[in-house]
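Visitor: Got a structure for you, written out below as structure tokens; questions coming shortly.
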Amino acid sequence: MFKTPKFTNMLNSIIKEKSSENLSGNADDELPVQNNQINVSSRFTSFSEHPQLLKLRTMQSLASTFNVGDPFFKEHDFVTGTVTHINGREYINYSSYNYLGMNGSAEVNDAAIEAIKKHGTSVGASRLVAGERPFQRDLEKKLAEIYETDDAIVFVSGHATNVNVISTLFGPKDLIIYDALVHNSIIEGIKLSGAPHFPYLHNDPASLENLLVKNRRNYERVLIVTEGLFSMDGDIPDLPKLIDLKKRYSCFLMIDEAHSLGVLGNTGKGIYEHYNVNPHDVDLWMGTLSKTLASCGGYIAANRDIVDILKYNAPGFVFSVGLSAPMATAALTSLNIMLREPERVARLRNNAMLFLETARKMNINTGRSQGYSVVAVITGSSRKAVSLSSALFNQGINVQPIIHPAVEEQQARLRFFITSEHTEDQILKTCEAVASLLA
């Protein structure tokens, strides 16, 4: 559990007392002064000995020792889809969230170009300062229509959406209970809110209910938050059970649909369509514009009260520039294509299941993946994950390793993002290469 507000308040009190002592002239705590200059250790006047940098340098040194290149920050030459080009060579690509093949499509590109011609590349300021634009509201209305909510609000960053929304709506008198494997953006929003918080065991409603039984009566608002599809493991929660618990214990329920919009449900509307439940039973539908929707940003679809609070109070909306014309138009066009062409969703599902079933037949450890769009190959150590990624890269397959501390060391993995546009030949070739290298 993170530091509680009580702990933080106590820490701040101690810091304040120490600061007062120094200001009052406590010689024992003063730094040495020579010629009107304060002498500080060189360790604290540059970042060359910063603990995080030293850890990074150690990892880079180990990678060099084991003769594997840095798997991160490779420069791609063109649009990344099922294939990508790096340094002039073509690779089968599994490191893109382009689930329905919208990024780079002619229809999306043409719509974004026309939007630039009419509105430019930026709106210049926050929407409170610069005013609304039709493309912003058109996108928000479409998102609200998808989730059957009163309204929606779009932010310029998916990560910032979770940070801002959670920290704006909840505070020290509230409680937040979250799945133990939720995204970093949710965790950061929880910490910033100052609300007490507990994780429940991953996808375990019994663990969640146990926390509600013990704690619900002690707080004002209580938020349950989880993901529609977990991007590290490729599994999904039991939404009907979460809705039942939310109702019985008078809580709010928030679902992060970053990886489930466009993936779950027959028309890609997400986890509520997958389970055929009433979308009104979820209070906060969050998602990103950068995966299925081939753009950049995030959104919240909710009732009008929630949206109004966010529009006038969320710092990442009030003090940040509004979403630009090409980004909003690309997302809206992608949404319309998704609804018009559900066959893309069906192809994605078939491809992901083909990858998962083929990998399992070859005795590849795919962890918790359920075959929707994300398939993990568990290697058991960060060194093995990086080595396997490097070996596959040498064979023309681009897939990123996920290593400690992003996951537990024994859960290090390669993470394959499957799209509707991957071919059967690409998938079979990849599984054969992974099996051969692991053997």
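Chain labels A, B, ... are given in the sequence in which chains occur in the structure tokens; within each chain residues are numbered consecutively from 1, and ligands are likewise numbered from 1 in the order shown.
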I'd like the neighbourhood of Leu428 of chain A as number ranges by chain, where a residue qualifies if any of its atoms comes within 12 Å (using only C-alpha atoms), though same-chain residues fewer than 2 positions away should be ignored.

Guide: A: 92, 351-359, 361-362, 422-426, 430-435

Visitor: List every residue of segment 197-414 of chain A that DSSP, applied to the backbone of this structure, assigns to strand (DSSP E), and report them as number ranges by chain.

Guide: A: 197-200, 222-227, 252-256, 284-288, 298-302, 374-378, 397-398, 400-402, 413-414

Visitor: Nearest to Leu139 of chain A among A:Phe72, A:Phe417, A:Phe78, A:Tyr299, with distances taken over only C-alpha atoms: which residue is it?

Guide: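 Among the listed residues, A:Tyr299 lies closest to Leu139 of chain A.
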
Visitor: Output as JSON, numbers by chain all residues of segment 86-197 of chain A that backbone DSSP marks as alpha helix (DSSP H).

Guide: {"A": [106, 107, 108, 109, 110, 111, 112, 113, 114, 115, 116, 117, 118, 119, 127, 128, 129, 130, 134, 135, 136, 137, 138, 139, 140, 141, 142, 143, 144, 145, 146, 147, 158, 159, 160, 161, 162, 163, 164, 165, 166, 167, 168, 169, 184, 185, 186, 187, 188, 189, 190, 191, 192, 193]}

Visitor: Could you work out how far atom CA of Ala314 of chain A lies from atom CA of Leu143 of chain A, giving the answer in Å with one decimal?

Guide: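 About the pair atom CA of Leu143 of chain A and atom CA of Ala314 of chain A: they are 19.1 Å apart.
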
Visitor: Which residue out of A:Ala180, A:Ala325, A:Ile187, A:Leu414 has the minimum interatomic distance to Pro199 of chain A when only C-alpha atoms are used?

Guide: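 Checking each candidate against Pro199 of chain A, we get A:Ala180 as the closest.
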